[in-house]
file entry21.cif (mmCIF, C-alpha atoms)
data_work
loop_
_atom_site.label_atom_id
_atom_site.label_comp_id
_atom_site.auth_asym_id
_atom_site.auth_seq_id
_atom_site.Cartn_x
_atom_site.Cartn_y
_atom_site.Cartn_z
CA MET A 1 -91.79 -25.38 71.99
CA LEU A 2 -89.62 -22.67 73.48
CA LYS A 3 -92.08 -21.44 76.11
CA GLY A 4 -90.62 -21.61 79.61
CA ARG A 5 -87.18 -22.78 78.42
CA SER A 6 -83.82 -21.24 79.32
CA LEU A 7 -81.01 -20.29 76.97
CA ILE A 8 -77.68 -20.91 78.68
CA ASP A 9 -75.61 -22.47 75.91
CA PRO A 10 -76.08 -22.69 72.11
CA SER A 11 -76.66 -26.44 72.43
CA ASP A 12 -79.83 -25.86 74.48
CA PHE A 13 -81.94 -25.29 71.35
CA SER A 14 -82.24 -27.23 68.12
CA ARG A 15 -81.60 -25.73 64.69
CA GLU A 16 -85.36 -25.56 64.12
CA GLU A 17 -85.91 -23.74 67.40
CA PHE A 18 -83.23 -21.18 66.53
CA ARG A 19 -84.89 -20.81 63.12
CA GLU A 20 -88.14 -19.82 64.86
CA ILE A 21 -86.29 -17.08 66.78
CA PHE A 22 -84.53 -15.69 63.68
CA ASP A 23 -87.73 -15.73 61.62
CA LEU A 24 -89.50 -13.77 64.33
CA ALA A 25 -86.56 -11.33 64.57
CA HIS A 26 -86.74 -10.66 60.81
CA GLU A 27 -90.48 -10.05 61.21
CA ILE A 28 -89.90 -7.60 64.07
CA ILE A 29 -87.35 -5.65 61.98
CA LYS A 30 -89.95 -5.34 59.19
CA ASN A 31 -92.75 -4.21 61.45
CA PRO A 32 -91.66 -3.30 65.00
CA GLU A 33 -94.89 -1.41 65.63
CA LYS A 34 -96.85 -4.67 65.60
CA PHE A 35 -94.99 -5.88 68.72
CA ARG A 36 -95.22 -2.63 70.72
CA LYS A 37 -97.58 -4.04 73.35
CA SER A 38 -96.78 -7.74 73.15
CA CYS A 39 -95.22 -7.92 76.63
CA GLU A 40 -97.60 -5.60 78.46
CA GLY A 41 -97.83 -6.71 82.10
CA LYS A 42 -94.65 -8.80 81.89
CA ILE A 43 -91.47 -8.13 83.88
CA LEU A 44 -87.90 -8.89 82.85
CA ALA A 45 -85.27 -9.10 85.63
CA THR A 46 -81.72 -8.15 84.66
CA LEU A 47 -79.16 -9.60 87.08
CA PHE A 48 -75.78 -8.21 86.10
CA TYR A 49 -73.06 -9.35 88.49
CA GLU A 50 -70.49 -7.88 86.13
CA PRO A 51 -70.39 -4.55 84.28
CA SER A 52 -72.14 -4.39 80.93
CA THR A 53 -73.43 -1.57 78.81
CA ARG A 54 -74.74 -2.88 75.56
CA THR A 55 -75.97 -6.31 76.52
CA ARG A 56 -77.95 -4.93 79.46
CA PHE A 57 -79.24 -1.93 77.49
CA SER A 58 -80.05 -4.19 74.58
CA PHE A 59 -82.17 -6.49 76.78
CA GLU A 60 -83.79 -3.57 78.58
CA ALA A 61 -84.55 -1.75 75.33
CA ALA A 62 -85.90 -5.01 73.87
CA MET A 63 -88.32 -5.48 76.79
CA LEU A 64 -89.38 -1.83 76.83
CA ARG A 65 -90.03 -1.89 73.07
CA LEU A 66 -92.26 -4.90 73.63
CA GLY A 67 -94.29 -2.93 76.19
CA GLY A 68 -92.91 -4.84 79.20
CA GLN A 69 -91.14 -3.59 82.30
CA ILE A 70 -87.77 -4.23 83.88
CA ILE A 71 -86.29 -4.68 87.34
CA GLY A 72 -82.77 -5.67 88.36
CA PHE A 73 -79.30 -4.63 89.38
CA SER A 74 -76.26 -3.72 87.35
CA GLU A 75 -73.67 -4.25 90.01
CA PRO A 76 -73.86 -6.82 92.78
CA ASN A 77 -72.71 -4.48 95.57
CA SER A 78 -76.10 -2.80 95.48
CA SER A 79 -77.94 -6.06 96.18
CA SER A 80 -78.13 -8.84 98.76
CA VAL A 81 -75.49 -10.64 96.69
CA SER A 82 -72.91 -8.50 98.51
CA LYS A 83 -74.13 -10.13 101.74
CA GLY A 84 -73.04 -13.49 100.38
CA GLU A 85 -76.35 -14.79 99.09
CA SER A 86 -76.06 -17.86 96.82
CA ILE A 87 -77.00 -17.73 93.15
CA SER A 88 -79.79 -20.25 93.74
CA ASP A 89 -81.35 -18.20 96.53
CA THR A 90 -81.14 -14.97 94.52
CA ILE A 91 -82.80 -16.44 91.44
CA ARG A 92 -85.51 -18.20 93.50
CA THR A 93 -86.44 -14.86 95.02
CA ILE A 94 -86.43 -13.12 91.64
CA GLU A 95 -88.76 -15.83 90.31
CA CYS A 96 -91.39 -14.53 92.76
CA TYR A 97 -91.34 -11.11 91.10
CA ALA A 98 -90.46 -11.47 87.42
CA ASP A 99 -91.57 -13.53 84.41
CA ILE A 100 -88.14 -13.98 82.87
CA ALA A 101 -84.53 -13.25 83.94
CA VAL A 102 -81.29 -12.35 82.24
CA MET A 103 -78.04 -13.07 84.08
CA ARG A 104 -74.45 -12.02 83.52
CA HIS A 105 -71.94 -13.45 85.96
CA PRO A 106 -68.11 -13.57 86.20
CA LYS A 107 -68.26 -17.25 87.23
CA GLU A 108 -68.56 -19.80 84.44
CA GLY A 109 -71.70 -21.89 84.74
CA ALA A 110 -73.50 -19.49 87.10
CA PRO A 111 -76.49 -18.99 84.76
CA ARG A 112 -76.76 -22.78 84.43
CA VAL A 113 -76.93 -23.10 88.22
CA ALA A 114 -79.61 -20.39 88.24
CA SER A 115 -81.68 -22.06 85.52
CA LEU A 116 -81.61 -25.39 87.36
CA SER A 117 -82.99 -23.76 90.52
CA VAL A 118 -86.17 -22.27 89.04
CA ASP A 119 -89.05 -22.96 86.65
CA PHE A 120 -89.07 -19.69 84.72
CA PRO A 121 -86.79 -18.84 81.74
CA VAL A 122 -83.24 -17.73 82.49
CA ILE A 123 -81.07 -16.26 79.74
CA ASN A 124 -77.28 -16.34 79.94
CA ALA A 125 -75.98 -12.87 79.09
CA GLY A 126 -72.34 -13.93 79.44
CA ASP A 127 -70.63 -16.13 82.06
CA GLY A 128 -66.92 -15.48 82.62
CA GLY A 129 -64.85 -16.55 79.65
CA HIS A 130 -67.31 -19.31 78.81
CA GLN A 131 -70.45 -18.63 76.71
CA HIS A 132 -72.56 -15.73 75.48
CA PRO A 133 -75.40 -17.26 73.44
CA THR A 134 -77.46 -14.11 72.87
CA GLN A 135 -74.45 -12.44 71.26
CA THR A 136 -74.45 -15.44 68.93
CA LEU A 137 -78.09 -14.74 68.08
CA THR A 138 -77.01 -11.18 67.25
CA ASP A 139 -74.11 -12.38 65.11
CA ILE A 140 -76.21 -14.91 63.20
CA LEU A 141 -79.01 -12.45 62.51
CA THR A 142 -76.37 -10.08 61.10
CA VAL A 143 -74.88 -12.83 58.91
CA GLU A 144 -78.34 -13.73 57.61
CA ARG A 145 -79.17 -10.11 56.81
CA LEU A 146 -75.91 -9.67 54.92
CA LYS A 147 -75.57 -13.01 53.12
CA GLY A 148 -78.90 -14.81 53.45
CA ASN A 149 -77.69 -17.86 55.42
CA VAL A 150 -74.79 -19.11 57.53
CA GLU A 151 -73.83 -22.22 55.54
CA HIS A 152 -70.84 -22.73 53.21
CA LYS A 153 -68.84 -19.81 54.53
CA VAL A 154 -65.43 -19.12 56.00
CA TYR A 155 -65.44 -17.44 59.39
CA GLY A 156 -62.29 -15.79 60.68
CA PHE A 157 -62.00 -15.24 64.44
CA CYS A 158 -59.30 -12.87 65.64
CA GLY A 159 -58.00 -11.79 69.06
CA ASP A 160 -58.67 -13.40 72.39
CA LEU A 161 -60.09 -16.78 71.45
CA LYS A 162 -59.26 -18.35 74.81
CA PHE A 163 -61.41 -16.20 77.06
CA GLY A 164 -63.66 -14.76 74.33
CA ARG A 165 -67.05 -16.15 75.31
CA THR A 166 -68.71 -14.70 72.19
CA VAL A 167 -66.25 -16.72 70.08
CA HIS A 168 -66.96 -19.97 71.94
CA SER A 169 -70.72 -19.60 71.53
CA LEU A 170 -70.52 -18.64 67.86
CA ILE A 171 -68.18 -21.55 67.04
CA LYS A 172 -70.48 -23.94 68.91
CA PHE A 173 -73.49 -22.67 66.99
CA LEU A 174 -71.86 -22.61 63.54
CA SER A 175 -70.35 -26.09 63.95
CA ASN A 176 -73.84 -27.54 63.37
CA TYR A 177 -74.05 -26.12 59.84
CA GLU A 178 -72.82 -27.54 56.55
CA GLY A 179 -69.80 -26.21 54.69
CA VAL A 180 -68.55 -24.01 57.52
CA ARG A 181 -64.79 -23.45 57.93
CA PHE A 182 -62.88 -21.52 60.59
CA VAL A 183 -59.67 -19.49 60.48
CA LEU A 184 -58.60 -18.91 64.09
CA ILE A 185 -56.17 -15.99 64.33
CA SER A 186 -54.62 -15.41 67.75
CA PRO A 187 -51.36 -15.48 69.68
CA GLU A 188 -50.56 -18.99 70.84
CA GLU A 189 -51.40 -18.06 74.44
CA LEU A 190 -54.93 -17.05 73.51
CA ARG A 191 -56.03 -19.96 71.33
CA VAL A 192 -59.47 -21.56 71.78
CA PRO A 193 -59.89 -23.75 74.89
CA GLU A 194 -59.43 -27.50 74.62
CA TYR A 195 -63.16 -28.23 74.84
CA VAL A 196 -63.88 -25.94 71.86
CA ARG A 197 -61.15 -27.56 69.77
CA GLU A 198 -61.76 -31.20 70.72
CA GLU A 199 -65.35 -31.43 71.87
CA ILE A 200 -66.84 -29.12 69.25
CA MET A 201 -64.74 -28.58 66.12
CA MET A 202 -62.97 -31.94 65.98
CA LYS A 203 -65.98 -34.03 67.02
CA LYS A 204 -68.12 -32.32 64.39
CA ASN A 205 -65.39 -32.50 61.73
CA VAL A 206 -65.32 -28.77 61.09
CA PRO A 207 -62.19 -27.79 59.12
CA PHE A 208 -60.14 -25.15 60.94
CA VAL A 209 -56.68 -23.64 61.02
CA GLU A 210 -54.98 -21.89 63.93
CA VAL A 211 -52.68 -19.11 62.75
CA GLU A 212 -50.94 -16.01 64.07
CA LYS A 213 -51.14 -13.76 61.01
CA MET A 214 -54.38 -12.68 59.37
CA GLU A 215 -53.22 -11.20 56.02
CA PRO A 216 -52.73 -14.47 54.09
CA TYR A 217 -56.27 -15.61 54.94
CA LEU A 218 -58.26 -12.39 54.59
CA GLY A 219 -59.05 -12.95 50.90
CA GLU A 220 -60.98 -16.15 51.61
CA ILE A 221 -62.82 -15.06 54.77
CA ASP A 222 -66.54 -14.18 54.47
CA PHE A 223 -66.89 -12.85 58.02
CA LEU A 224 -64.01 -11.60 60.11
CA TYR A 225 -65.01 -11.66 63.78
CA MET A 226 -62.75 -9.36 65.76
CA THR A 227 -62.58 -9.56 69.56
CA ARG A 228 -61.06 -7.54 72.33
CA VAL A 229 -58.18 -8.81 74.39
CA GLN A 230 -59.86 -8.28 77.74
CA ARG A 231 -57.87 -6.91 80.63
CA GLU A 232 -60.16 -8.46 83.26
CA ARG A 233 -59.49 -12.00 82.00
CA PHE A 234 -55.77 -11.83 82.77
CA PHE A 235 -54.30 -12.73 86.12
CA ASN A 236 -51.14 -10.89 85.15
CA GLU A 237 -50.97 -7.28 83.89
CA GLU A 238 -47.68 -7.87 82.02
CA ASP A 239 -49.25 -10.58 79.86
CA TYR A 240 -52.12 -8.25 79.01
CA ILE A 241 -49.85 -5.39 77.92
CA ARG A 242 -47.65 -7.72 75.87
CA LEU A 243 -50.56 -9.24 73.93
CA LYS A 244 -53.24 -6.58 73.59
CA ASP A 245 -51.92 -4.75 70.53
CA LYS A 246 -50.81 -7.74 68.47
CA PHE A 247 -53.92 -8.20 66.39
CA ILE A 248 -55.19 -4.82 65.23
CA LEU A 249 -57.30 -4.46 62.09
CA ASP A 250 -56.59 -1.31 60.07
CA SER A 251 -57.20 -0.05 56.51
CA GLU A 252 -53.91 -1.54 55.33
CA LYS A 253 -54.94 -5.05 56.46
CA MET A 254 -58.43 -4.52 55.03
CA SER A 255 -56.82 -4.09 51.60
CA TYR A 256 -56.04 -7.85 51.70
CA ALA A 257 -59.68 -8.71 52.34
CA SER A 258 -62.18 -9.43 49.58
CA PRO A 259 -64.83 -6.79 48.72
CA GLU A 260 -67.33 -9.10 50.44
CA THR A 261 -65.45 -9.76 53.66
CA TYR A 262 -67.63 -8.31 56.39
CA VAL A 263 -66.13 -7.29 59.71
CA LEU A 264 -68.08 -8.08 62.88
CA HIS A 265 -67.28 -7.29 66.51
CA PRO A 266 -69.32 -7.99 69.66
CA LEU A 267 -68.19 -4.59 71.06
CA PRO A 268 -66.97 -2.80 73.09
CA ARG A 269 -63.89 -2.14 71.00
CA VAL A 270 -60.71 -0.83 72.54
CA ASN A 271 -58.21 -0.49 69.72
CA GLU A 272 -58.35 -3.84 67.90
CA ILE A 273 -60.17 -2.18 64.98
CA SER A 274 -58.78 1.22 63.97
CA VAL A 275 -61.49 3.88 63.72
CA GLU A 276 -60.50 4.43 60.07
CA VAL A 277 -62.12 1.04 59.31
CA ASP A 278 -65.52 2.31 60.59
CA ASN A 279 -66.25 4.09 57.29
CA ASP A 280 -65.53 0.97 55.24
CA PRO A 281 -68.92 -0.43 54.08
CA ARG A 282 -67.66 -3.87 55.09
CA ALA A 283 -67.55 -2.79 58.77
CA GLN A 284 -70.87 -4.03 60.16
CA TYR A 285 -70.37 -3.95 63.93
CA PHE A 286 -72.69 -1.05 64.72
CA GLN A 287 -75.49 -2.54 62.64
CA GLN A 288 -74.77 -5.79 64.46
CA ALA A 289 -75.47 -4.07 67.82
CA LYS A 290 -78.84 -2.89 66.52
CA ASN A 291 -79.71 -6.40 65.36
CA GLY A 292 -78.96 -7.56 68.91
CA MET A 293 -81.95 -5.70 70.26
CA TYR A 294 -84.31 -7.18 67.66
CA VAL A 295 -83.17 -10.73 68.17
CA ARG A 296 -83.46 -10.35 71.96
CA MET A 297 -87.03 -9.11 71.45
CA ALA A 298 -87.71 -12.29 69.49
CA LEU A 299 -86.07 -14.45 72.17
CA ILE A 300 -88.11 -12.88 75.00
CA LEU A 301 -91.34 -13.36 73.02
CA LYS A 302 -90.55 -17.00 72.33
CA LEU A 303 -89.47 -17.90 75.88
CA LEU A 304 -92.55 -16.22 77.33
CA GLY A 305 -94.68 -18.15 74.84
CA ILE A 306 -96.26 -15.00 73.43
CA TYR A 307 -95.34 -15.83 69.79
CA MET B 1 -42.29 -60.69 103.92
CA LEU B 2 -45.02 -58.91 105.82
CA GLU B 3 -48.20 -60.93 105.93
CA ILE B 4 -51.72 -59.73 106.30
CA THR B 5 -54.05 -62.57 107.07
CA SER B 6 -56.86 -63.32 104.67
CA ILE B 7 -60.36 -62.22 105.56
CA GLU B 8 -63.48 -64.30 106.09
CA LYS B 9 -66.10 -61.82 105.01
CA GLY B 10 -65.42 -58.51 103.33
CA ILE B 11 -63.92 -56.77 100.35
CA VAL B 12 -60.47 -56.83 98.80
CA ILE B 13 -59.57 -54.02 96.43
CA ASP B 14 -56.59 -55.27 94.49
CA HIS B 15 -54.32 -54.07 91.67
CA ILE B 16 -54.45 -50.45 92.78
CA PRO B 17 -51.63 -48.57 91.03
CA SER B 18 -48.82 -47.98 93.48
CA GLY B 19 -49.27 -44.66 95.25
CA TYR B 20 -53.03 -44.54 94.85
CA GLY B 21 -53.91 -46.79 97.78
CA ILE B 22 -53.85 -43.96 100.30
CA LYS B 23 -55.91 -41.71 98.01
CA LEU B 24 -58.49 -44.42 97.57
CA PHE B 25 -58.47 -45.11 101.31
CA ASN B 26 -59.30 -41.46 101.93
CA LEU B 27 -61.89 -41.27 99.14
CA LEU B 28 -63.71 -44.25 100.63
CA ARG B 29 -63.49 -42.55 104.04
CA LEU B 30 -62.07 -45.73 105.53
CA GLU B 31 -60.34 -43.82 108.30
CA LYS B 32 -63.79 -43.62 109.90
CA ALA B 33 -64.29 -47.38 109.81
CA ASP B 34 -65.13 -49.20 113.05
CA TYR B 35 -64.06 -52.53 111.56
CA THR B 36 -60.65 -53.83 110.53
CA VAL B 37 -59.15 -52.31 107.40
CA ALA B 38 -55.68 -52.97 106.01
CA LEU B 39 -53.93 -50.68 103.55
CA ILE B 40 -51.00 -52.42 101.92
CA ILE B 41 -48.67 -50.31 99.84
CA ASN B 42 -45.90 -51.30 97.43
CA ALA B 43 -46.85 -54.97 97.36
CA TYR B 44 -45.06 -57.08 94.76
CA SER B 45 -47.05 -57.68 91.58
CA GLU B 46 -45.95 -59.71 88.61
CA LYS B 47 -48.12 -57.66 86.28
CA MET B 48 -47.65 -54.19 87.76
CA GLY B 49 -44.28 -54.35 89.51
CA ARG B 50 -45.67 -52.62 92.60
CA LYS B 51 -49.26 -52.33 93.62
CA ASP B 52 -51.41 -51.25 96.55
CA ILE B 53 -54.15 -53.34 98.15
CA ILE B 54 -56.98 -52.52 100.54
CA LYS B 55 -58.58 -55.25 102.64
CA ILE B 56 -61.83 -54.47 104.40
CA ASN B 57 -62.93 -56.97 107.02
CA ASN B 58 -66.62 -56.23 106.73
CA LYS B 59 -69.14 -56.64 103.95
CA ILE B 60 -70.08 -53.01 103.52
CA GLN B 61 -71.97 -51.22 100.78
CA LEU B 62 -69.26 -49.68 98.64
CA ASP B 63 -69.79 -47.08 95.94
CA VAL B 64 -67.22 -48.40 93.50
CA GLU B 65 -68.34 -46.53 90.38
CA PHE B 66 -65.72 -43.85 90.73
CA LEU B 67 -62.85 -46.33 91.21
CA GLY B 68 -62.85 -46.74 87.43
CA LEU B 69 -61.71 -43.13 87.28
CA ILE B 70 -58.41 -44.09 88.86
CA ASN B 71 -57.81 -47.23 86.86
CA ALA B 72 -60.24 -49.63 85.25
CA ASP B 73 -57.81 -52.50 86.00
CA ILE B 74 -58.44 -52.26 89.75
CA THR B 75 -60.15 -55.45 90.86
CA ILE B 76 -62.76 -55.75 93.57
CA ASN B 77 -63.31 -59.10 95.17
CA ILE B 78 -66.22 -59.71 97.48
CA ILE B 79 -65.18 -62.31 100.03
CA ASP B 80 -67.56 -64.67 101.78
CA GLU B 81 -66.53 -67.60 103.98
CA GLY B 82 -62.91 -66.93 103.08
CA LYS B 83 -63.50 -67.32 99.35
CA ILE B 84 -64.07 -64.94 96.46
CA ALA B 85 -67.86 -64.86 96.14
CA LYS B 86 -68.01 -62.18 93.44
CA LYS B 87 -65.68 -60.14 91.28
CA VAL B 88 -66.80 -56.65 90.38
CA ARG B 89 -65.68 -55.41 86.99
CA LEU B 90 -64.91 -51.69 86.84
CA THR B 91 -65.69 -49.42 83.95
CA VAL B 92 -64.78 -45.86 83.18
CA PRO B 93 -67.95 -44.03 84.26
CA GLU B 94 -69.83 -41.81 81.76
CA LYS B 95 -70.84 -39.37 84.47
CA VAL B 96 -69.50 -38.79 87.96
CA THR B 97 -71.20 -36.77 90.65
CA ASN B 98 -69.50 -35.29 93.71
CA VAL B 99 -66.24 -37.19 93.28
CA LEU B 100 -64.15 -34.75 91.25
CA LYS B 101 -63.70 -31.03 91.76
CA CYS B 102 -63.28 -28.49 88.99
CA LYS B 103 -59.87 -26.84 88.96
CA ASN B 104 -60.97 -23.81 86.93
CA PRO B 105 -60.83 -20.84 89.34
CA ARG B 106 -63.53 -19.12 87.27
CA CYS B 107 -65.96 -22.04 87.62
CA VAL B 108 -69.17 -21.42 89.55
CA THR B 109 -68.44 -24.48 91.69
CA SER B 110 -65.69 -22.42 93.36
CA ILE B 111 -68.30 -20.11 94.96
CA GLU B 112 -71.67 -21.83 95.02
CA SER B 113 -72.11 -24.34 97.82
CA ASN B 114 -74.88 -26.94 97.81
CA ILE B 115 -74.54 -27.84 94.15
CA ASP B 116 -73.51 -31.18 92.74
CA HIS B 117 -70.06 -31.31 91.15
CA ILE B 118 -70.82 -33.14 87.91
CA PHE B 119 -68.36 -34.34 85.24
CA HIS B 120 -69.00 -36.06 81.90
CA LEU B 121 -66.62 -38.45 80.18
CA VAL B 122 -64.95 -36.92 77.11
CA ASP B 123 -62.34 -39.46 76.06
CA ARG B 124 -62.34 -43.05 77.37
CA GLU B 125 -58.70 -43.64 76.34
CA LYS B 126 -57.38 -40.54 78.09
CA ARG B 127 -60.00 -40.79 80.86
CA SER B 128 -60.66 -37.08 80.47
CA TYR B 129 -63.75 -35.44 81.92
CA ARG B 130 -65.63 -32.19 81.24
CA CYS B 131 -67.15 -30.05 83.98
CA GLU B 132 -70.93 -29.74 83.60
CA TYR B 133 -70.85 -26.02 84.40
CA CYS B 134 -67.74 -24.48 82.83
CA ASP B 135 -66.74 -27.19 80.27
CA ASP B 136 -63.17 -27.26 81.60
CA ILE B 137 -61.52 -30.58 80.82
CA ILE B 138 -59.55 -32.49 83.46
CA ILE B 139 -57.79 -35.82 83.62
CA PRO B 140 -58.44 -37.08 87.15
CA TYR B 141 -55.71 -38.93 88.99
CA ASP B 142 -53.25 -38.31 86.17
CA LYS B 143 -49.75 -39.33 87.16
#
call {"tool": "encode", "arguments": {"input": "entry21.cif", "output": "structure tokens"}}
result
Amino acid sequence: MLKGRSLIDPSDFSREEFREIFDLAHEIIKNPEKFRKSCEGKILATLFYEPSTRTRFSFEAAMLRLGGQIIGFSEPNSSSVSKGESISDTIRTIECYADIAVMRHPKEGAPRVASLSVDFPVINAGDGGHQHPTQTLTDILTVERLKGNVEHKVYGFCGDLKFGRTVHSLIKFLSNYEGVRFVLISPEELRVPEYVREEIMMKKNVPFVEVEKMEPYLGEIDFLYMTRVQRERFFNEEDYIRLKDKFILDSEKMSYASPETYVLHPLPRVNEISVEVDNDPRAQYFQQAKNGMYVRMALILKLLGIY
Amino acid sequence: MLEITSIEKGIVIDHIPSGYGIKLFNLLRLEKADYTVALIINAYSEKMGRKDIIKINNKIQLDVEFLGLINADITINIIDEGKIAKKVRLTVPEKVTNVLKCKNPRCVTSIESNIDHIFHLVDREKRSYRCEYCDDIIIPYDK
């Protein structure tokens, strides 16, 4: 039963519960018209303490397409947060007005704190460099639509794996599935955090390699997950400039990949995928963004107990 | 040799790794005690070379769970009528609340007051702990 629950981390739901969400998302894609009024009279609050375009729009579009309404803020300076209000107090107040809330916050664990303070569903839309579980829903729906299921596949992750919250969530999710292997491509400084390596991959016996060059592995990778080296995650500008261009995917590198290696990206892209790759049929990142809206529609419906 | 007289009724925390006595003293807030407390540092120990000892001349309620975080070999002797009435065995706790602080500057615990600071045991050998909120792993009281 997902009604009333919060999604803060991929371990919050079981495989079966995620299955329910993906099945509903596939149904919505087939017949979106059927769900046009499902959330009539319901309000989604979007609490974005950090800038976001697509995640916020994706949630807002999802709620509007379900016939619901939205309230919220997209930068904390325009709210009482700028007066120093605690996360718990903010979310308790929002609970008086809305049926469900989505929170993005620069501090890791902030959505968890929010969810523990209230009785209505809270969805983590990204917390610092930690987790981003609804991007994982987006990624998995895309994988399922392209290859049927997530099992027995090689997933390559490239770029900023240290602060890349979408990477952490996707690895955590995939580590529960059989026959999954990871190729982790990043500079040494931006490798996955210790808890991802030891607490997730090693504890669950998921085979993985950590490498600095993608070409030798591209032929065996089913999904290449590119990420942005994010300026805002660095304390030091020099480190950012030194590392940001090291792992760029272009047509030349794509020639090493198999005809069935799909390229995913949580977006926004800066320059880690050359625009020339966009026309390659294996580039699936814009379709992925569209899937994000559908799977968020499914998530909202499930957490509100409507389906 | 300096001698601290034995106590009639109270608690002796023995086999504290040298250098940790003062930390433990502060963690137990013993500076606020209105009874006699002795902190002995660098005492000779056959097993450890040097060790610290705390003697508390009062039978107080002591939350000892977190002492296992420092070293599970620390011994706690409850003294009654000048004799050891009970020995408390320490374990490495599975979960600790409001003892450790997360060092990750991006962790929500750095801004949100009035929340419990919770850590879960990751590796018993290494005595490493994971923050409930940000998953950052720390080894408390690592030398």
call {"tool": "resolve_selection", "arguments": {"input": "entry21.cif", "expression": "the PyMOL selection byres ((chain B) within 8 of (chain A))", "output": "list in words"}}
result
Arg106, Cys107, Val108, Glu112, Ser113, Ile115, Val122, Arg130, Glu132, Tyr133, Cys134, Asp135, Asp136 and Ile137 of chain B
call {"tool": "atom_distance", "arguments": {"input": "entry21.cif", "atom1": "atom CA of Ser110 of chain B", "atom2": "atom CA of Cys131 of chain B"}}
result
12.2 Å
call {"tool": "resolve_selection", "arguments": {"input": "entry21.cif", "expression": "the PyMOL selection byres ((chain A and resi 90) around 10)", "output": "list in words"}}
result
Leu47, Ser79, Ser80, Val81, Glu85, Ser86, Ile87, Ser88, Asp89, Ile91, Arg92, Thr93, Ile94, Glu95, Ala114 and Ser117 of chain A
call {"tool": "closest_residue", "arguments": {"input": "entry21.cif", "among": "A:Ser52, A:Gln288, A:Ser175, A:Ser38", "to": "Lys302 of chain A", "atoms": "only C-alpha atoms"}}
result
A:Ser38
call {"tool": "resolve_selection", "arguments": {"input": "entry21.cif", "expression": "the PyMOL selection byres ((chain B and resi 121) around 9)", "output": "JSON, numbers by chain"}}
result
{"B": [92, 93, 94, 95, 96, 119, 120, 122, 123, 124, 127, 128, 129, 130]}
call {"tool": "write_last_selection", "arguments": {"input": "entry21.cif", "atoms": "C-alpha atoms", "output": "PDB file, in the frame of the given file"}}
result
ATOM      1  CA  VAL B  92     -64.780 -45.860  83.180  1.00  0.00           C
ATOM      2  CA  PRO B  93     -67.950 -44.030  84.260  1.00  0.00           C
ATOM      3  CA  GLU B  94     -69.830 -41.810  81.760  1.00  0.00           C
ATOM      4  CA  LYS B  95     -70.840 -39.370  84.470  1.00  0.00           C
ATOM      5  CA  VAL B  96     -69.500 -38.790  87.960  1.00  0.00           C
ATOM      6  CA  PHE B 119     -68.360 -34.340  85.240  1.00  0.00           C
ATOM      7  CA  HIS B 120     -69.000 -36.060  81.900  1.00  0.00           C
ATOM      8  CA  VAL B 122     -64.950 -36.920  77.110  1.00  0.00           C
ATOM      9  CA  ASP B 123     -62.340 -39.460  76.060  1.00  0.00           C
ATOM     10  CA  ARG B 124     -62.340 -43.050  77.370  1.00  0.00           C
ATOM     11  CA  ARG B 127     -60.000 -40.790  80.860  1.00  0.00           C
ATOM     12  CA  SER B 128     -60.660 -37.080  80.470  1.00  0.00           C
ATOM     13  CA  TYR B 129     -63.750 -35.440  81.920  1.00  0.00           C
ATOM     14  CA  ARG B 130     -65.630 -32.190  81.240  1.00  0.00           C
TER      15      ARG B 130
END
call {"tool": "residues_around", "arguments": {"input": "entry21.cif", "residues": "segment 24-38 of chain B", "least_positions_apart": "5", "cutoff": "12 Å", "atoms": "only C-alpha atoms", "output": "PyMOL selection string"}}
result
chain B and resi 3-14+16-19+52-71+74+98-100+141
call {"tool": "closest_residue", "arguments": {"input": "entry21.cif", "among": "A:Pro268, A:Pro32, A:Pro281, A:Gly305", "to": "Met293 of chain A", "atoms": "all atoms listed in the file"}}
result
A:Pro32
call {"tool": "residues_around", "arguments": {"input": "entry21.cif", "residues": "segment 222-230 of chain A", "least_positions_apart": "5", "cutoff": "7 Å", "atoms": "all atoms listed in the file", "output": "PyMOL selection string"}}
result
chain A and resi 153-160+244+260-266+269-270+272
call {"tool": "residues_near_point", "arguments": {"input": "entry21.cif", "point": "(-63.9, -4.2, 52.0)", "cutoff": "12 Å", "atoms": "only C-alpha atoms", "output": "ChimeraX atom specification"}}
result
/A:218-219,221-224,250-263,277-284
call {"tool": "atom_distance", "arguments": {"input": "entry21.cif", "atom1": "atom CA of Leu2 of chain A", "atom2": "atom CA of Ala125 of chain A"}}
result
17.7 Å
call {"tool": "atom_distance", "arguments": {"input": "entry21.cif", "atom1": "atom CA of Leu7 of chain A", "atom2": "atom CA of Val122 of chain A"}}
result
6.5 Å
call {"tool": "residues_around", "arguments": {"input": "entry21.cif", "residues": "Met201 of chain A", "least_positions_apart": "3", "cutoff": "12 Å", "atoms": "only C-alpha atoms", "output": "PyMOL selection string"}}
result
chain A and resi 168+170-177+180-184+192-198+204-209
call {"tool": "decode", "arguments": {"input": "entry21.cif", "residues": "segment 185-197 of chain A", "atoms": "C-alpha atoms", "output": "CSV table (one decimal), in the first residue's frame"}}
result
chain,number,residue,atom,x,y,z
A,185,ILE,CA,33.8,6.1,-15.4
A,186,SER,CA,35.0,9.2,-13.7
A,187,PRO,CA,38.2,11.0,-12.6
A,188,GLU,CA,39.5,9.6,-9.3
A,189,GLU,CA,38.4,12.7,-7.5
A,190,LEU,CA,34.8,12.2,-8.5
A,191,ARG,CA,34.3,8.5,-7.8
A,192,VAL,CA,31.2,7.3,-6.0
A,193,PRO,CA,31.0,8.0,-2.2
A,194,GLU,CA,32.1,5.3,0.2
A,195,TYR,CA,28.5,4.4,1.3
A,196,VAL,CA,27.6,3.7,-2.4
A,197,ARG,CA,30.6,1.5,-2.9
